[in-house]
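**Q** For reference, the structure I am asking about is given below.
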Amino acid sequence: MFPVEVPLSHLGPPILLLLQLLLPPTSAFFPNIWSLLAAPGSVTHQDLTEEAALNVTLQLFLERPPPGRPRLRLEDFRGRTLLADDIFAAYFGPGSPSRRFRAALGEVSRANAAQDFLPASRNNPDLHFDAERLVQGRTLLAGALRETLVAARAFQHALARQRLGAALHALQDFYSHSNWVELGERQPHPHLLWPRRELRSLAQVGDPTCSDCEELSCPGNMLDFTLITSGYFGMHPPKPPGKCSHGGHFDQSSSQPPRGGINKDSTSPSFSPHHMLHLRAVEVALLASIEAFSLLRSRLGDRGFSRLLDITPASSLSFVLDTTGSMGEEINAAKVQARRIVEQRQGSPMEPVFYVLVPFHDPGFGPVFTTSDPDSFWQKLNEIHALGGGDEPEMCLSALELALLHTPPLSDIFVFTDASPKDAFLTNRVESLTRERRCRVTFLVTEDPLRVQGRARREVLSPLRFEPYEAIALASGGEVIFTKDQHIQDVAAIVGESLAGGWVTLPLEPRVFIPGETCVFAVDRLLRQVTVWMHGDISSFWIKNPAGVSQGPEEGTGPLGHTRRFGQFWTVTMTDPPQTGSWEIQIAAEGIPRVRVQAQTSLDFLFHFGIAVDDGPHPGLYPLTQPVAGLQTQLLVEVTGLVSRQNPEEGRPHFSHAVLRRVPEGTHLGRVPLEPVGPPERGLLAASLPPTLLSVPAPFSLELVGQDGGGQGLRRTAPQPCPVAPVLLELSGPPSFLTPGSKAPLSLHIASFSGPQDLDLRTSVNPGFSLTSNLSRAHLGQNESAWGRLWLEVPDSAAPDSVVMVTVTAVGQGARPVPPTHAFLRLLVLAPSSQDQPETPVHSADRGRPPATPASLPSTLVTQDRAGGGVVDKAWWGTVGGVLFLLGCSSW
């Protein structure tokens, strides 16, 4: 794993000094901050993960002066809560967006929290350092960190963050679930991250470790000895006589002598018998998390570590290129645009840190080319030429799917083509991937019905053949821009400006644009570079500011800004600073023109969804990629750009509520209040989605409404529509990596909460390994679940350090079929090595296994869930004023 050990004191600036800056004022190890509604004042896995990442990021910034800017000073951060927005503004300059970095941290934090919710991990003692399975836990911890390194080096950053979250969860649990701090230790275990070092002084099966405690709080229940132990949870494995329990009302082992427990997960004695040591465990777990991040930085290097956590305000550059014979102008446009981006931004904070290129034609597509070196990208792009011909349809969506699998989240992908897709059957799956990756796809289509050279056309072309591009653009928040060869370079240059970072799309009213009618958008004082895009068969337009000044289609500089036209593509960029207030647009056109208004700002937001659970081992919000019809869901918002060092007289911007509308028609679905969660400077908000929104599986738009620091209106809209899935579909894999020649069990869970469902379940795997399933159809009533098992066979020839992508699709049958639902699972194939093999158990009790979970059931299981109206499985929750409260929760 890590052949060279790095002492904690050698990992950058004095960690203890930074620790004093970062520790919250209140006193892990509940999953996320929404768990604090059950145990206020506790520090969670999310807190520890984010604090450690910010700590090491600040170390990186302190050691590497920013180009053209003064070196950061540690004393400038003394006495302040360390925030991503602050350190980005200090390092990259005011207004530099931290959205990508915070999104990457969110991926790691949610993967960390998921260890307490996923059926394959929540009851496995090896993954939580429970039941004295310390050697086994350390082996899995080291394996997860090795997977993080391998995935990051292979540019599989989503998988790397997932495995990093799992590793950090286990690492942090060691200090809460074991007696390490009870032994008086105030530093991390020196050998926990080193699999070749033996763990010594471990309690054996015959060593009594705890005395009986019949109270909730058990400050003196540990016997006086110097061996390391951890508590048993539940009945699997059974607790031997004299051993400590984890503790808490939901721990069945804590009712068996010796009663009580030793966990330090929270400040609440109902959950944690050693609650009085919670803060001490937090201190050591935070130091250990900082050590883990620092070790990854030392192994990946600063550039690789920055890619792992997206420590940049810049977007990646991702091109999907049609290479058939008629594409010469488009390929040249892509080359010119790429060269311009590289040259203009080289050495600046907005220089892309990652490049992706996927060519396609008919019948082939790929291979994908990824690099972090702009010269290598330019060289590869320069090797591409327009060759060959073929039928008009091309393998565009297959190439786009490949690009989505390799492009970092929150990126822009540009597709250059003059043909419709031959693989339109992939449309729905690619839509789902764009939502999962939160990537925006823009199609630059130079389709010209009069041009016949370069392509052999064997049939009459349908006017609807580009609908798959339209559907994917809508789902991803992108565009389909039709242009001609003579304009493609200019159009590509304008679209490429969106890579500058910090762009937001402004909501339009009404949402469906009608030619001849007035459309309105709001401009606030935090916006710059307000730009209106228009394309279609437009004959005229005018734009009017709040003072009544208007500008028409005359090209060049006008009273409001600068107008440019390339064929039927128009842009109007307003002169800075734009007047605040309500602006109007009116367009005369044949058909429905496309209109987008975007602007640059650091104030933006991220959003997630979750459902409240107290089904053990911890209360909290189980993260969802999208809401599910019939399932009460919480909206979680993270506002970015709230720099705390702004002028105090300006005040802090805030959002008060969210407006939800049906897509694409714009029907109003509800308005929900946003309640702050945690300290206001973190910008975390929550709301309960209305039942009317979740009654049907259809997409909706999310718009936040509030005020800036001066009391003026603020509006921000999510860049992509949010679909409501008809069913809950979950796919999970083994707790460790795959090896060539192995056969891995996967777990499939599907549940319906909105009514009866008749579903076909289809599976696919990339690369084409053998995949079998015992669940191909599911007949579910309302609030029913089905469990199944899949077997993935990894051939001996599988390439080490490669990624396997497994997809399961649920397709509705019957007279009223529901939209397909997709679940994606990424797994890593590694060559086995000696240090990765499980070490010999210390004693026979270690051989106990966790209870059978649905992940290990030999056949399909259908269960009745108590869902709807506020119940999921055994979880019960309620809301007051939009804030989630967990009631009657006791747990690990």
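Starting from 1 in every chain, residues are counted up; chains themselves are A, B, ... following the order of the structure tokens, and ligands are numbered from 1 as listed.
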Between segment 601-634 of chain A and segment 88-105 of chain A, at 9 Å or less, what are the per-residue closest atom pairs and their distances in Å? Count only C-alpha atoms, order by chain and rising residue number, and return it as CSV.
**A**
```
residue,atom,partner,partner_atom,distance
A:Thr601,CA,A:Gly95,CA,6.9
A:Ser602,CA,A:Pro97,CA,5.0
A:Leu603,CA,A:Pro97,CA,7.9
A:Asp604,CA,A:Arg99,CA,7.6
A:Phe605,CA,A:Arg99,CA,7.5
A:Leu606,CA,A:Ala103,CA,7.2
```
**Q** Please produce a file of those selected residues containing C-alpha atoms, as a PDB file, in the first residue's frame.
**A**
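As written to disk, again-v6.pdb reads:
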```pdb
ATOM      1  CA  THR A 601     -21.023  34.692 -10.647  1.00  0.00           C
ATOM      2  CA  SER A 602     -19.452  32.910  -7.730  1.00  0.00           C
ATOM      3  CA  LEU A 603     -22.838  32.531  -5.983  1.00  0.00           C
ATOM      4  CA  ASP A 604     -24.310  29.220  -7.068  1.00  0.00           C
ATOM      5  CA  PHE A 605     -25.539  26.032  -5.444  1.00  0.00           C
ATOM      6  CA  LEU A 606     -25.261  22.265  -5.422  1.00  0.00           C
TER       7      LEU A 606
END
```
**Q** Extract, using only C-alpha atoms, all DNA, RNA and protein residues at most 7 Å from segment 250-258 of chain A, discarding same-chain residues fewer than 3 positions from it, and format them as a ChimeraX atom specification.
**A** /A:210-213,232-235,239,242-247,261,890-892
**Q** Those selected residues, please, written with N, CA and C atoms and delivered as a CSV table (one decimal), in the first residue's frame.
**A**
```csv
chain,number,residue,atom,x,y,z
A,210,CYS,N,-14.9,-5.6,29.6
A,210,CYS,CA,-15.8,-4.6,30.1
A,210,CYS,C,-16.5,-5.2,31.3
A,211,SER,N,-16.9,-4.3,32.2
A,211,SER,CA,-17.8,-4.7,33.4
A,211,SER,C,-19.2,-4.3,33.1
A,212,ASP,N,-20.1,-4.8,33.9
A,212,ASP,CA,-21.6,-4.5,33.6
A,212,ASP,C,-21.9,-3.1,33.9
A,213,CYS,N,-22.8,-2.5,33.1
A,213,CYS,CA,-23.2,-1.1,33.2
A,213,CYS,C,-24.7,-1.1,32.8
A,232,TYR,N,-18.8,-5.1,20.4
A,232,TYR,CA,-19.7,-6.0,19.5
A,232,TYR,C,-21.0,-5.3,19.3
A,233,PHE,N,-21.5,-5.4,18.1
A,233,PHE,CA,-22.8,-4.8,17.8
A,233,PHE,C,-23.8,-5.9,17.3
A,234,GLY,N,-25.0,-6.0,17.8
A,234,GLY,CA,-26.0,-7.0,17.4
A,234,GLY,C,-25.6,-8.4,17.8
A,235,MET,N,-26.1,-9.3,17.1
A,235,MET,CA,-25.9,-10.7,17.4
A,235,MET,C,-25.0,-11.5,16.5
A,239,LYS,N,-21.5,-11.9,21.0
A,239,LYS,CA,-20.5,-11.4,21.9
A,239,LYS,C,-20.1,-12.4,22.9
A,242,GLY,N,-17.8,-11.5,28.8
A,242,GLY,CA,-16.8,-10.5,29.3
A,242,GLY,C,-16.5,-9.5,28.3
A,243,LYS,N,-17.0,-9.5,27.1
A,243,LYS,CA,-16.6,-8.5,26.1
A,243,LYS,C,-17.5,-7.3,26.1
A,244,CYS,N,-16.9,-6.2,25.6
A,244,CYS,CA,-17.7,-4.9,25.5
A,244,CYS,C,-18.7,-5.0,24.3
A,245,SER,N,-19.8,-4.3,24.5
A,245,SER,CA,-20.7,-4.0,23.4
A,245,SER,C,-20.4,-2.6,22.8
A,246,HIS,N,-21.0,-2.4,21.6
A,246,HIS,CA,-21.0,-1.1,21.0
A,246,HIS,C,-21.8,-0.2,21.8
A,247,GLY,N,-23.1,-0.6,22.2
A,247,GLY,CA,-23.9,0.2,23.0
A,247,GLY,C,-25.0,1.0,22.3
A,261,GLY,N,-21.9,-0.3,26.9
A,261,GLY,CA,-21.1,-0.2,25.6
A,261,GLY,C,-20.0,0.8,25.7
A,890,SER,N,-32.7,5.5,18.2
A,890,SER,CA,-31.5,5.0,19.0
A,890,SER,C,-30.8,4.0,18.2
A,891,SER,N,-29.5,4.1,18.2
A,891,SER,CA,-28.7,3.3,17.2
A,891,SER,C,-27.3,3.1,17.7
A,892,TRP,N,-26.5,2.6,16.8
A,892,TRP,CA,-25.1,2.4,17.0
A,892,TRP,C,-24.5,3.7,17.5
```
**Q** For the structure I just gave you, how does DSSP split segment 153-288 of chain A - specifically, which residues are strand (DSSP E or B)? Reply as a compact mmCIF listing (two decimals) with N, CA and C atoms, in the first residue's frame.
**A**
```txt
# COMPACT_ATOMS: atom_id res chain seq x y z
N SER A 178 -13.34 1.64 19.02
CA SER A 178 -12.35 0.93 19.83
C SER A 178 -12.10 1.70 21.13
N LEU A 202 -3.40 -6.62 20.99
CA LEU A 202 -4.81 -6.81 20.74
C LEU A 202 -5.40 -7.77 21.76
N CYS A 210 -14.87 -5.59 29.57
CA CYS A 210 -15.83 -4.63 30.13
C CYS A 210 -16.51 -5.22 31.35
N MET A 222 -14.93 0.04 31.49
CA MET A 222 -13.80 -0.69 30.91
C MET A 222 -12.90 -1.21 32.02
N ILE A 228 -5.96 -3.52 23.20
CA ILE A 228 -6.89 -2.82 22.32
C ILE A 228 -8.07 -3.73 22.02
N SER A 230 -12.55 -3.61 20.70
CA SER A 230 -13.65 -2.82 20.16
C SER A 230 -14.96 -3.51 20.53
N TYR A 232 -18.84 -5.10 20.39
CA TYR A 232 -19.67 -5.96 19.54
C TYR A 232 -21.02 -5.27 19.33
N SER A 245 -19.76 -4.26 24.50
CA SER A 245 -20.71 -4.01 23.42
C SER A 245 -20.44 -2.64 22.82
```
**Q** Between A:Cys218, A:Leu828, A:Ala399, A:Leu168, which residue has the minimum interatomic distance to Arg138 of chain A, considering only C-alpha atoms?
**A**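 Of A:Cys218, A:Leu828, A:Ala399, A:Leu168, the one nearest Arg138 of chain A, counting only C-alpha atoms, is A:Leu168.
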**Q** In Å, rounded to a single decimal, give me how far atom CA of Gly41 of chain A is from atom CA of Pro125 of chain A.
**A**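 Separating atom CA of Pro125 of chain A from atom CA of Gly41 of chain A is a distance of 26.3 Å.
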